[in-house]
file start-v3.cif (mmCIF, C-alpha atoms and all ligand atoms)
data_run
#
loop_
_atom_site.label_atom_id
_atom_site.label_comp_id
_atom_site.auth_asym_id
_atom_site.auth_seq_id
_atom_site.Cartn_x
_atom_site.Cartn_y
_atom_site.Cartn_z
CA MET M 2 -130.02 -7.63 128.49
CA LEU M 3 -129.47 -5.58 125.34
CA ASP M 4 -131.34 -2.53 124.12
CA VAL M 5 -130.43 -0.83 120.88
CA ASN M 6 -132.58 2.30 120.82
CA ASN M 7 -133.13 4.27 117.61
CA VAL M 8 -129.57 3.86 116.41
CA THR M 9 -128.54 5.58 113.18
CA LYS M 10 -125.14 5.33 111.50
CA VAL M 11 -124.34 7.30 108.36
CA PHE M 12 -121.04 6.70 106.59
CA SER M 13 -119.28 9.40 104.53
CA LYS M 14 -121.79 12.02 105.63
CA GLY M 15 -122.06 15.06 103.38
CA THR M 16 -120.23 13.42 100.48
CA VAL M 17 -121.48 11.78 97.30
CA ASN M 18 -120.82 8.45 99.01
CA GLU M 19 -123.13 9.21 101.95
CA HIS M 20 -124.77 5.98 103.07
CA THR M 21 -127.16 5.28 105.92
CA ALA M 22 -126.03 1.86 107.15
CA LEU M 23 -128.27 1.79 110.24
CA ASN M 24 -131.55 3.65 110.01
CA ASN M 25 -133.16 4.46 113.38
CA LEU M 26 -132.82 0.80 114.34
CA SER M 27 -134.23 -0.50 117.62
CA LEU M 28 -133.84 -3.98 119.08
CA HIS M 29 -134.39 -5.57 122.47
CA LEU M 30 -132.83 -8.85 123.62
CA ASP M 31 -133.80 -10.63 126.82
CA ASN M 32 -131.21 -12.39 128.93
CA GLY M 33 -130.41 -15.74 127.26
CA ASP M 34 -131.92 -14.85 123.88
CA PHE M 35 -130.15 -16.46 120.92
CA VAL M 36 -131.09 -14.38 117.89
CA THR M 37 -130.11 -15.26 114.33
CA ILE M 38 -129.76 -12.40 111.85
CA VAL M 39 -130.25 -12.70 108.10
CA GLY M 40 -130.33 -10.13 105.32
CA SER M 41 -128.90 -9.29 101.96
CA ASN M 42 -125.35 -8.08 101.36
CA GLY M 43 -125.01 -4.55 102.64
CA ALA M 44 -128.16 -4.76 104.81
CA GLY M 45 -126.22 -3.50 107.82
CA LYS M 46 -125.74 -6.70 109.81
CA SER M 47 -122.02 -6.32 110.52
CA THR M 48 -122.48 -2.59 111.02
CA LEU M 49 -124.99 -3.39 113.78
CA PHE M 50 -122.35 -5.61 115.43
CA ASN M 51 -119.74 -2.85 114.99
CA ALA M 52 -122.10 -0.35 116.62
CA ILE M 53 -122.68 -2.68 119.59
CA CYS M 54 -118.92 -3.37 119.92
CA GLY M 55 -118.05 0.33 119.72
CA SER M 56 -115.99 0.20 116.52
CA PHE M 57 -117.39 3.71 115.89
CA LEU M 58 -119.76 6.09 117.59
CA CYS M 59 -123.29 6.18 116.20
CA ASP M 60 -124.81 9.40 114.87
CA SER M 61 -127.81 9.05 117.17
CA GLY M 62 -129.45 6.55 119.47
CA LYS M 63 -128.43 4.62 122.56
CA ILE M 64 -127.02 1.22 123.34
CA ILE M 65 -127.72 -0.29 126.75
CA LEU M 66 -126.09 -3.55 127.84
CA ASP M 67 -127.10 -5.17 131.11
CA ASN M 68 -128.57 -1.88 132.34
CA GLU M 69 -125.42 0.07 131.53
CA ASP M 70 -125.43 2.80 128.90
CA ILE M 71 -122.43 1.83 126.71
CA THR M 72 -123.19 4.29 123.88
CA TYR M 73 -119.95 6.21 124.46
CA LYS M 74 -117.89 3.46 126.07
CA LYS M 75 -114.56 2.69 124.37
CA GLU M 76 -114.35 -0.43 122.21
CA HIS M 77 -111.63 -2.13 124.30
CA LYS M 78 -113.70 -1.70 127.45
CA ARG M 79 -116.78 -3.18 125.77
CA ALA M 80 -114.60 -6.11 124.63
CA ARG M 81 -114.29 -7.20 128.26
CA VAL M 82 -117.98 -8.16 128.27
CA ILE M 83 -118.74 -8.68 124.58
CA GLY M 84 -117.25 -11.67 122.72
CA ARG M 85 -117.09 -11.66 118.93
CA VAL M 86 -116.17 -14.38 116.48
CA PHE M 87 -115.58 -13.40 112.84
CA GLN M 88 -115.86 -15.27 109.56
CA ASP M 89 -112.11 -14.81 109.09
CA THR M 90 -110.61 -17.63 111.14
CA MET M 91 -107.37 -15.65 111.55
CA LYS M 92 -109.13 -12.98 113.59
CA GLY M 93 -109.60 -13.41 117.31
CA THR M 94 -106.42 -15.35 118.07
CA ALA M 95 -102.72 -14.54 118.05
CA PRO M 96 -101.33 -16.98 115.43
CA ASP M 97 -97.72 -16.85 116.68
CA MET M 98 -98.70 -17.75 120.20
CA THR M 99 -99.55 -21.28 121.36
CA ILE M 100 -103.08 -22.49 122.10
CA GLU M 101 -102.41 -22.36 125.85
CA GLU M 102 -100.96 -18.84 125.64
CA ASN M 103 -103.98 -17.63 123.69
CA LEU M 104 -106.36 -19.24 126.18
CA ALA M 105 -104.37 -17.80 129.09
CA LEU M 106 -104.85 -14.30 127.69
CA ALA M 107 -108.60 -14.82 127.60
CA TYR M 108 -108.57 -16.49 131.01
CA SER M 109 -106.78 -13.59 132.65
CA LYS M 110 -109.01 -11.06 130.87
CA GLY M 111 -111.90 -12.42 132.90
CA ARG M 112 -109.84 -12.04 136.03
CA ARG M 113 -108.85 -8.44 135.37
CA ARG M 114 -105.17 -9.22 134.88
CA ILE M 115 -104.82 -7.57 131.53
CA PHE M 116 -102.60 -9.17 128.89
CA GLN M 117 -101.28 -12.02 130.92
CA SER M 118 -100.25 -15.03 128.85
CA ALA M 119 -98.27 -16.92 131.53
CA VAL M 120 -99.61 -20.46 131.90
CA ASN M 121 -99.46 -22.46 135.12
CA ASP M 122 -100.26 -26.16 135.68
CA LYS M 123 -103.69 -25.46 137.08
CA MET M 124 -104.65 -23.42 134.01
CA ARG M 125 -103.14 -26.02 131.67
CA LYS M 126 -105.25 -28.76 133.27
CA PHE M 127 -108.36 -26.59 132.97
CA PHE M 128 -107.69 -25.77 129.28
CA LYS M 129 -107.07 -29.46 128.51
CA GLU M 130 -110.38 -30.43 130.12
CA GLN M 131 -112.25 -27.74 128.23
CA LEU M 132 -110.71 -28.58 124.84
CA ALA M 133 -111.17 -32.34 125.30
CA ARG M 134 -114.94 -31.83 125.44
CA TYR M 135 -115.09 -30.82 121.79
CA ASN M 136 -113.36 -33.85 120.21
CA MET M 137 -111.15 -31.83 117.88
CA GLY M 138 -107.90 -33.28 119.23
CA LEU M 139 -106.93 -29.87 120.56
CA GLU M 140 -106.27 -31.00 124.12
CA ASP M 141 -103.01 -32.64 123.01
CA ARG M 142 -101.83 -29.59 121.09
CA LEU M 143 -101.67 -26.97 123.83
CA LYS M 144 -98.11 -26.05 122.91
CA ASN M 145 -98.81 -25.73 119.16
CA LYS M 146 -98.99 -22.29 117.63
CA VAL M 147 -102.54 -21.34 116.73
CA GLY M 148 -101.39 -20.36 113.22
CA LEU M 149 -100.74 -24.07 112.53
CA LEU M 150 -104.33 -25.13 113.24
CA SER M 151 -107.08 -25.72 110.69
CA GLY M 152 -109.77 -23.05 110.29
CA GLY M 153 -112.31 -25.11 112.25
CA GLN M 154 -109.87 -25.74 115.10
CA ARG M 155 -109.04 -22.02 115.24
CA GLN M 156 -112.74 -21.11 115.43
CA VAL M 157 -113.14 -23.47 118.38
CA VAL M 158 -110.15 -21.89 120.15
CA THR M 159 -111.63 -18.43 119.42
CA LEU M 160 -115.04 -19.50 120.74
CA LEU M 161 -113.44 -20.82 123.89
CA MET M 162 -111.41 -17.61 124.28
CA CYS M 163 -114.62 -15.56 123.98
CA THR M 164 -116.44 -17.62 126.57
CA LEU M 165 -113.87 -18.78 129.17
CA ALA M 166 -114.88 -15.63 131.00
CA VAL M 167 -118.61 -15.77 130.23
CA PRO M 168 -119.47 -12.62 128.22
CA LYS M 169 -122.66 -10.64 128.65
CA LEU M 170 -123.14 -10.82 124.90
CA LEU M 171 -121.68 -13.08 122.20
CA LEU M 172 -121.65 -11.88 118.58
CA LEU M 173 -121.09 -14.50 115.88
CA ASP M 174 -120.42 -12.86 112.52
CA GLU M 175 -120.85 -15.69 109.96
CA HIS M 176 -118.34 -17.62 112.02
CA THR M 177 -118.82 -20.91 110.15
CA ALA M 178 -119.09 -19.47 106.62
CA ALA M 179 -115.45 -20.05 105.68
CA LEU M 180 -115.42 -23.69 106.82
CA ASP M 181 -116.19 -26.85 104.85
CA PRO M 182 -119.74 -28.17 105.48
CA ALA M 183 -118.77 -30.95 107.91
CA THR M 184 -116.49 -28.68 109.96
CA ALA M 185 -119.09 -25.89 109.89
CA GLU M 186 -121.66 -28.30 111.32
CA LYS M 187 -119.26 -29.42 114.05
CA VAL M 188 -118.39 -25.83 115.00
CA MET M 189 -122.12 -24.96 115.09
CA GLU M 190 -122.78 -27.91 117.43
CA ILE M 191 -119.99 -26.71 119.73
CA THR M 192 -121.32 -23.16 119.55
CA LYS M 193 -124.81 -24.26 120.57
CA GLN M 194 -123.35 -26.32 123.42
CA ILE M 195 -121.25 -23.44 124.78
CA VAL M 196 -124.13 -20.95 124.48
CA ALA M 197 -126.65 -23.29 126.14
CA GLU M 198 -124.37 -24.36 129.00
CA ASN M 199 -123.55 -20.77 129.89
CA ASN M 200 -126.93 -19.26 128.94
CA ILE M 201 -125.11 -16.60 126.90
CA THR M 202 -127.17 -13.92 125.21
CA THR M 203 -126.11 -14.38 121.59
CA MET M 204 -126.57 -12.84 118.14
CA MET M 205 -125.48 -14.76 115.05
CA ILE M 206 -125.29 -13.45 111.48
CA THR M 207 -125.76 -16.11 108.83
CA HIS M 208 -126.59 -16.30 105.13
CA ASN M 209 -127.90 -19.83 105.60
CA LEU M 210 -131.67 -19.57 106.10
CA ASN M 211 -132.05 -23.14 107.34
CA GLN M 212 -129.36 -22.54 109.91
CA ALA M 213 -131.04 -19.28 110.90
CA LEU M 214 -134.39 -20.98 111.43
CA THR M 215 -133.03 -23.92 113.40
CA THR M 216 -130.61 -22.08 115.67
CA GLY M 217 -131.51 -20.09 118.76
CA ASN M 218 -134.97 -18.85 119.68
CA ARG M 219 -135.62 -15.96 117.31
CA THR M 220 -134.73 -14.73 113.82
CA ILE M 221 -134.54 -11.17 112.57
CA MET M 222 -134.16 -10.04 108.99
CA MET M 223 -132.42 -6.78 108.10
CA ASP M 224 -132.72 -4.70 104.98
CA SER M 225 -131.34 -1.24 104.20
CA GLY M 226 -130.22 -0.66 107.78
CA GLU M 227 -133.58 -1.62 109.29
CA ILE M 228 -135.10 -4.68 110.92
CA ILE M 229 -137.91 -5.68 108.60
CA LEU M 230 -138.88 -8.98 110.23
CA ASP M 231 -138.60 -10.15 113.82
CA ILE M 232 -139.83 -13.71 114.19
CA PRO M 233 -140.23 -15.21 117.67
CA TYR M 234 -139.75 -18.90 118.41
CA ASN M 235 -143.44 -19.86 118.39
CA GLU M 236 -143.94 -18.41 114.95
CA ARG M 237 -140.59 -19.64 113.65
CA LYS M 238 -140.72 -23.28 114.72
CA ASN M 239 -142.99 -24.36 111.84
CA MET M 240 -141.37 -22.19 109.19
CA ASN M 241 -139.06 -23.26 106.40
CA ARG M 242 -136.77 -21.17 104.21
CA ASP M 243 -139.46 -20.69 101.55
CA ASP M 244 -141.84 -19.25 104.16
CA LEU M 245 -139.13 -16.82 105.19
CA LEU M 246 -138.45 -15.78 101.60
CA GLN M 247 -142.18 -15.26 101.10
CA MET M 248 -142.44 -13.12 104.23
CA TYR M 249 -139.61 -11.00 102.89
CA SER M 250 -141.36 -10.55 99.55
CA MET M 251 -144.63 -9.54 101.21
CA LYS M 252 -142.88 -7.09 103.50
CA LYS M 253 -140.81 -5.49 100.76
CA ARG M 254 -143.41 -5.88 98.02
CA GLU M 255 -140.69 -7.19 95.78
CA ALA M 256 -139.64 -10.64 94.76
CA LEU M 257 -136.55 -11.94 96.42
CA ASP M 258 -133.50 -11.92 94.24
CA ASN M 259 -131.54 -14.91 95.41
CA ASP M 260 -128.31 -13.67 93.84
CA ARG M 261 -128.52 -10.43 95.77
CA ILE M 262 -129.58 -12.02 99.01
CA LEU M 263 -127.05 -14.84 98.69
CA PHE M 264 -129.01 -17.13 100.93
CA SER M 265 -128.17 -20.78 100.82
N1 LIG K 1 -116.54 1.75 107.56
C1 LIG K 1 -117.40 1.94 106.55
N2 LIG K 1 -117.28 3.02 105.74
C2 LIG K 1 -118.16 3.22 104.71
N3 LIG K 1 -119.20 2.41 104.44
C3 LIG K 1 -119.36 1.32 105.21
C4 LIG K 1 -118.47 1.03 106.30
N4 LIG K 1 -118.89 -0.13 106.90
C5 LIG K 1 -119.97 -0.52 106.21
N5 LIG K 1 -120.25 0.34 105.21
C6 LIG K 1 -121.38 0.23 104.27
O1 LIG K 1 -122.57 0.04 105.03
C7 LIG K 1 -123.42 -0.89 104.39
C8 LIG K 1 -123.71 -2.04 105.33
O2 LIG K 1 -122.55 -2.84 105.44
P1 LIG K 1 -122.48 -4.14 106.34
O3 LIG K 1 -121.09 -4.66 106.27
O4 LIG K 1 -123.03 -3.85 107.67
O5 LIG K 1 -123.48 -5.13 105.57
P2 LIG K 1 -123.82 -6.63 105.89
O6 LIG K 1 -125.29 -6.73 106.04
O7 LIG K 1 -122.99 -7.14 107.00
O8 LIG K 1 -123.42 -7.32 104.51
P3 LIG K 1 -122.67 -8.69 104.15
O9 LIG K 1 -123.71 -9.75 104.28
O10 LIG K 1 -122.24 -8.50 102.75
O11 LIG K 1 -121.52 -8.87 105.10
C9 LIG K 1 -122.72 -1.31 103.12
O12 LIG K 1 -123.21 -0.53 102.04
C10 LIG K 1 -121.27 -1.00 103.38
O13 LIG K 1 -120.57 -0.69 102.20
#

call {"tool": "encode", "arguments": {"input": "start-v3.cif", "output": "structure tokens"}}
result
Amino acid sequence: MLDVNNVTKVFSKGTVNEHTALNNLSLHLDNGDFVTIVGSNGAGKSTLFNAICGSFLCDSGKIILDNEDITYKKEHKRARVIGRVFQDTMKGTAPDMTIEENLALAYSKGRRRIFQSAVNDKMRKFFKEQLARYNMGLEDRLKNKVGLLSGGQRQVVTLLMCTLAVPKLLLLDEHTAALDPATAEKVMEITKQIVAENNITTMMITHNLNQALTTGNRTIMMDSGEIILDIPYNERKNMNRDDLLQMYSMKKREALDNDRILFS
């Protein structure tokens, strides 16, 4: 489904601040893979997502999504088939628009009617049914502005917006990190449900090693713009966070500095 082939991204090239954020990185995802991504601050995790989304052009390498070379495709065109949920719960929705207007935008995106927020009764019924499934009380608040919702409720609306038209790829960028533990757990449950029901190929960045090891079917660890560990399900299923930290230390030949890594 996704092939990232030898991708390199250098920021501030030719200056004293030159920094290689992605270093000849390659990655293959099969259809339906749910890959969790861990790594220290500055490892290049979000930059990898930005490269896949087309936030910038890479210095070298190719990105293929569902057999299409998207290396030079514009970001807004990629956004039609790639969903992304950020840590910042304000991103991804229009706070001054109502829940139903936000959902209608996403709904029409999938139907090629760009930027259409008009809501009809059929859509309203559909949105209500969808929201009711997640027990967040959102089905009765269709006419509330999204800006009035809690962070957890907004993340659920964003998730639904990203998946109403099933994307080819879903990118979750620490999307539960800003929520309180109970809400984070609830949003993770909903995420897993949406991904499983629609068999969405998904990548999720997290700093929580336990979450990384118990979510999806594979975990990769990044460091200095490279993938240093790629652990498939069979290997991962009996691992705990200490095993993962030890694997990191063996690979890097350095002890793991928990403060730097910021793993929970
Ligand atoms: N637009 C940019 N311009 C210059 N440098 C950048 C830019 N984006 C990222 N970087 C640098 O690239 C490196 C990788 O950043 P990135 O945000 O991908 O790390 P990360 O693994 O997501 O870290 P974190 O866990 O802290 O979010 C960092 O050193 C960062 O400062």

call {"tool": "closest_residue", "arguments": {"input": "start-v3.cif", "among": "M:Ala197, M:Leu171, M:Leu160, M:Ala213", "to": "Thr90 (chain M)", "atoms": "all atoms listed in the file"}}
result
M:Leu160

call {"tool": "residues_around", "arguments": {"input": "start-v3.cif", "residues": "Ser13 (chain M)", "least_positions_apart": "5", "cutoff": "12 Å", "atoms": "all atoms listed in the file", "output": "NGL selection string"}}
result
:M and (18-22 or 60)

call {"tool": "residues_around", "arguments": {"input": "start-v3.cif", "residues": "region 92-95 of chain M", "least_positions_apart": "5", "cutoff": "8 Å", "atoms": "all atoms listed in the file", "output": "list in words"}}
result
Arg85, Val86, Phe87, Asn103, Val147, Gly148, Arg155, Val158 and Thr159 of chain M

call {"tool": "atom_distance", "arguments": {"input": "start-v3.cif", "atom1": "CA of Gly226 (chain M)", "atom2": "CA of Phe57 (chain M)"}}
result
15.8 Å

call {"tool": "residues_near_ligand", "arguments": {"input": "start-v3.cif", "ligand": "ligand LIG 1 (chain K)", "cutoff": "9 Å", "atoms": "only C-alpha atoms and all ligand atoms", "output": "PyMOL selection string"}}
result
chain M and resi 10-13+18-23+39-51+57+174-175+206-208+223-226+262-263

call {"tool": "write_last_selection", "arguments": {"input": "start-v3.cif", "atoms": "C-alpha atoms", "output": "short mmCIF file (atom, residue, chain, number, x, y, z; two decimals), keeping the file's coordinate frame"}}
result
data_model
loop_
_atom_site.label_atom_id
_atom_site.label_comp_id
_atom_site.auth_asym_id
_atom_site.auth_seq_id
_atom_site.Cartn_x
_atom_site.Cartn_y
_atom_site.Cartn_z
CA LYS M 10 -125.14 5.33 111.50
CA VAL M 11 -124.34 7.30 108.36
CA PHE M 12 -121.04 6.70 106.59
CA SER M 13 -119.28 9.40 104.53
CA ASN M 18 -120.82 8.45 99.01
CA GLU M 19 -123.13 9.21 101.95
CA HIS M 20 -124.77 5.98 103.07
CA THR M 21 -127.16 5.28 105.92
CA ALA M 22 -126.03 1.86 107.15
CA LEU M 23 -128.27 1.79 110.24
CA VAL M 39 -130.25 -12.70 108.10
CA GLY M 40 -130.33 -10.13 105.32
CA SER M 41 -128.90 -9.29 101.96
CA ASN M 42 -125.35 -8.08 101.36
CA GLY M 43 -125.01 -4.55 102.64
CA ALA M 44 -128.16 -4.76 104.81
CA GLY M 45 -126.22 -3.50 107.82
CA LYS M 46 -125.74 -6.70 109.81
CA SER M 47 -122.02 -6.32 110.52
CA THR M 48 -122.48 -2.59 111.02
CA LEU M 49 -124.99 -3.39 113.78
CA PHE M 50 -122.35 -5.61 115.43
CA ASN M 51 -119.74 -2.85 114.99
CA PHE M 57 -117.39 3.71 115.89
CA ASP M 174 -120.42 -12.86 112.52
CA GLU M 175 -120.85 -15.69 109.96
CA ILE M 206 -125.29 -13.45 111.48
CA THR M 207 -125.76 -16.11 108.83
CA HIS M 208 -126.59 -16.30 105.13
CA MET M 223 -132.42 -6.78 108.10
CA ASP M 224 -132.72 -4.70 104.98
CA SER M 225 -131.34 -1.24 104.20
CA GLY M 226 -130.22 -0.66 107.78
CA ILE M 262 -129.58 -12.02 99.01
CA LEU M 263 -127.05 -14.84 98.69
#

call {"tool": "residues_around", "arguments": {"input": "start-v3.cif", "residues": "region 33-36 of chain M", "least_positions_apart": "2", "cutoff": "12 Å", "atoms": "only C-alpha atoms", "output": "ChimeraX atom specification"}}
result
/M:2-3,28-31,38-39,67,168-173,192-193,195-207,212-222,231-234,237

call {"tool": "write_last_selection", "arguments": {"input": "start-v3.cif", "atoms": "C-alpha atoms", "output": "mmCIF file, in the coordinates of the input"}}
result
data_model
loop_
_atom_site.group_PDB
_atom_site.id
_atom_site.type_symbol
_atom_site.label_atom_id
_atom_site.label_comp_id
_atom_site.auth_asym_id
_atom_site.auth_seq_id
_atom_site.Cartn_x
_atom_site.Cartn_y
_atom_site.Cartn_z
ATOM 1 C CA MET M 2 -130.020 -7.630 128.490
ATOM 2 C CA LEU M 3 -129.470 -5.580 125.340
ATOM 3 C CA LEU M 28 -133.840 -3.980 119.080
ATOM 4 C CA HIS M 29 -134.390 -5.570 122.470
ATOM 5 C CA LEU M 30 -132.830 -8.850 123.620
ATOM 6 C CA ASP M 31 -133.800 -10.630 126.820
ATOM 7 C CA ILE M 38 -129.760 -12.400 111.850
ATOM 8 C CA VAL M 39 -130.250 -12.700 108.100
ATOM 9 C CA ASP M 67 -127.100 -5.170 131.110
ATOM 10 C CA PRO M 168 -119.470 -12.620 128.220
ATOM 11 C CA LYS M 169 -122.660 -10.640 128.650
ATOM 12 C CA LEU M 170 -123.140 -10.820 124.900
ATOM 13 C CA LEU M 171 -121.680 -13.080 122.200
ATOM 14 C CA LEU M 172 -121.650 -11.880 118.580
ATOM 15 C CA LEU M 173 -121.090 -14.500 115.880
ATOM 16 C CA THR M 192 -121.320 -23.160 119.550
ATOM 17 C CA LYS M 193 -124.810 -24.260 120.570
ATOM 18 C CA ILE M 195 -121.250 -23.440 124.780
ATOM 19 C CA VAL M 196 -124.130 -20.950 124.480
ATOM 20 C CA ALA M 197 -126.650 -23.290 126.140
ATOM 21 C CA GLU M 198 -124.370 -24.360 129.000
ATOM 22 C CA ASN M 199 -123.550 -20.770 129.890
ATOM 23 C CA ASN M 200 -126.930 -19.260 128.940
ATOM 24 C CA ILE M 201 -125.110 -16.600 126.900
ATOM 25 C CA THR M 202 -127.170 -13.920 125.210
ATOM 26 C CA THR M 203 -126.110 -14.380 121.590
ATOM 27 C CA MET M 204 -126.570 -12.840 118.140
ATOM 28 C CA MET M 205 -125.480 -14.760 115.050
ATOM 29 C CA ILE M 206 -125.290 -13.450 111.480
ATOM 30 C CA THR M 207 -125.760 -16.110 108.830
ATOM 31 C CA GLN M 212 -129.360 -22.540 109.910
ATOM 32 C CA ALA M 213 -131.040 -19.280 110.900
ATOM 33 C CA LEU M 214 -134.390 -20.980 111.430
ATOM 34 C CA THR M 215 -133.030 -23.920 113.400
ATOM 35 C CA THR M 216 -130.610 -22.080 115.670
ATOM 36 C CA GLY M 217 -131.510 -20.090 118.760
ATOM 37 C CA ASN M 218 -134.970 -18.850 119.680
ATOM 38 C CA ARG M 219 -135.620 -15.960 117.310
ATOM 39 C CA THR M 220 -134.730 -14.730 113.820
ATOM 40 C CA ILE M 221 -134.540 -11.170 112.570
ATOM 41 C CA MET M 222 -134.160 -10.040 108.990
ATOM 42 C CA ASP M 231 -138.600 -10.150 113.820
ATOM 43 C CA ILE M 232 -139.830 -13.710 114.190
ATOM 44 C CA PRO M 233 -140.230 -15.210 117.670
ATOM 45 C CA TYR M 234 -139.750 -18.900 118.410
ATOM 46 C CA ARG M 237 -140.590 -19.640 113.650
#

call {"tool": "closest_residue", "arguments": {"input": "start-v3.cif", "among": "M:Asn211, M:Ala178, M:Glu190, M:Lys144", "to": "Val157 (chain M)", "atoms": "all atoms listed in the file"}}
result
M:Glu190

call {"tool": "closest_residue", "arguments": {"input": "start-v3.cif", "among": "M:Lys146, M:Lys187, M:Arg134, M:Lys252", "to": "Leu104 (chain M)", "atoms": "all atoms listed in the file"}}
result
M:Lys146

call {"tool": "closest_residue", "arguments": {"input": "start-v3.cif", "among": "M:Asn68, M:Arg81, M:Thr9, M:Asn121", "to": "Glu227 (chain M)", "atoms": "all atoms listed in the file"}}
result
M:Thr9

call {"tool": "atom_distance", "arguments": {"input": "start-v3.cif", "atom1": "CA of Met251 (chain M)", "atom2": "CA of Leu210 (chain M)"}}
result
17.1 Å

call {"tool": "residues_around", "arguments": {"input": "start-v3.cif", "residues": "Lys253 (chain M)", "least_positions_apart": "5", "cutoff": "10 Å", "atoms": "all atoms listed in the file", "output": "count of residues only"}}
result
4

call {"tool": "closest_residue", "arguments": {"input": "start-v3.cif", "among": "M:Leu132, M:Ile64, M:Thr177, M:Ile228", "to": "Tyr249 (chain M)", "atoms": "only C-alpha atoms"}}
result
M:Ile228

call {"tool": "atom_distance", "arguments": {"input": "start-v3.cif", "atom1": "CA of Ile53 (chain M)", "atom2": "CA of Tyr73 (chain M)"}}
result
10.5 Å

call {"tool": "closest_residue", "arguments": {"input": "start-v3.cif", "among": "M:Leu150, M:Leu26, M:Ala185, M:Leu165", "to": "Met91 (chain M)", "atoms": "all atoms listed in the file"}}
result
M:Leu150

call {"tool": "decode", "arguments": {"input": "start-v3.cif", "residues": "region 161-179 of chain M", "atoms": "N, CA and C atoms", "output": "mmCIF file, in the first residue's frame"}}
result
data_model
loop_
_atom_site.group_PDB
_atom_site.id
_atom_site.type_symbol
_atom_site.label_atom_id
_atom_site.label_comp_id
_atom_site.auth_asym_id
_atom_site.auth_seq_id
_atom_site.Cartn_x
_atom_site.Cartn_y
_atom_site.Cartn_z
ATOM 1 N N LEU M 161 -13.473 10.967 12.828
ATOM 2 C CA LEU M 161 -14.606 10.650 11.964
ATOM 3 C C LEU M 161 -14.485 11.403 10.634
ATOM 4 N N MET M 162 -14.057 12.669 10.711
ATOM 5 C CA MET M 162 -13.881 13.457 9.479
ATOM 6 C C MET M 162 -12.844 12.803 8.557
ATOM 7 N N CYS M 163 -11.796 12.261 9.175
ATOM 8 C CA CYS M 163 -10.709 11.642 8.383
ATOM 9 C C CYS M 163 -11.140 10.321 7.768
ATOM 10 N N THR M 164 -12.181 9.713 8.321
ATOM 11 C CA THR M 164 -12.484 8.346 7.893
ATOM 12 C C THR M 164 -13.886 8.157 7.305
ATOM 13 N N LEU M 165 -14.716 9.234 7.300
ATOM 14 C CA LEU M 165 -16.051 9.114 6.692
ATOM 15 C C LEU M 165 -15.907 8.646 5.253
ATOM 16 N N ALA M 166 -14.973 9.302 4.537
ATOM 17 C CA ALA M 166 -14.547 8.785 3.245
ATOM 18 C C ALA M 166 -13.275 8.008 3.574
ATOM 19 N N VAL M 167 -13.321 6.688 3.475
ATOM 20 C CA VAL M 167 -12.208 5.866 3.976
ATOM 21 C C VAL M 167 -10.907 6.237 3.250
ATOM 22 N N PRO M 168 -9.892 6.701 4.003
ATOM 23 C CA PRO M 168 -8.635 7.097 3.358
ATOM 24 C C PRO M 168 -7.784 5.878 2.997
ATOM 25 N N LYS M 169 -6.847 6.093 2.093
ATOM 26 C CA LYS M 169 -5.915 5.007 1.771
ATOM 27 C C LYS M 169 -4.913 4.834 2.902
ATOM 28 N N LEU M 170 -4.661 5.942 3.599
ATOM 29 C CA LEU M 170 -3.675 5.920 4.678
ATOM 30 C C LEU M 170 -4.135 6.878 5.773
ATOM 31 N N LEU M 171 -4.030 6.431 7.022
ATOM 32 C CA LEU M 171 -4.370 7.288 8.164
ATOM 33 C C LEU M 171 -3.107 7.505 8.998
ATOM 34 N N LEU M 172 -2.783 8.774 9.256
ATOM 35 C CA LEU M 172 -1.597 9.117 10.037
ATOM 36 C C LEU M 172 -2.020 9.731 11.366
ATOM 37 N N LEU M 173 -1.647 9.110 12.451
ATOM 38 C CA LEU M 173 -2.026 9.584 13.784
ATOM 39 C C LEU M 173 -0.766 10.089 14.468
ATOM 40 N N ASP M 174 -0.688 11.411 14.654
ATOM 41 C CA ASP M 174 0.536 12.029 15.158
ATOM 42 C C ASP M 174 0.364 12.362 16.637
ATOM 43 N N GLU M 175 0.608 11.363 17.496
ATOM 44 C CA GLU M 175 0.415 11.525 18.959
ATOM 45 C C GLU M 175 -0.968 12.076 19.270
ATOM 46 N N HIS M 176 -1.987 11.514 18.642
ATOM 47 C CA HIS M 176 -3.307 12.144 18.686
ATOM 48 C C HIS M 176 -4.012 12.021 20.028
ATOM 49 N N THR M 177 -3.449 11.230 20.961
ATOM 50 C CA THR M 177 -4.076 11.166 22.293
ATOM 51 C C THR M 177 -3.184 11.798 23.367
ATOM 52 N N ALA M 178 -2.040 12.328 22.957
ATOM 53 C CA ALA M 178 -1.043 12.795 23.941
ATOM 54 C C ALA M 178 -1.514 13.989 24.764
ATOM 55 N N ALA M 179 -2.405 14.796 24.221
ATOM 56 C CA ALA M 179 -2.826 16.001 24.954
ATOM 57 C C ALA M 179 -4.071 15.751 25.802
#
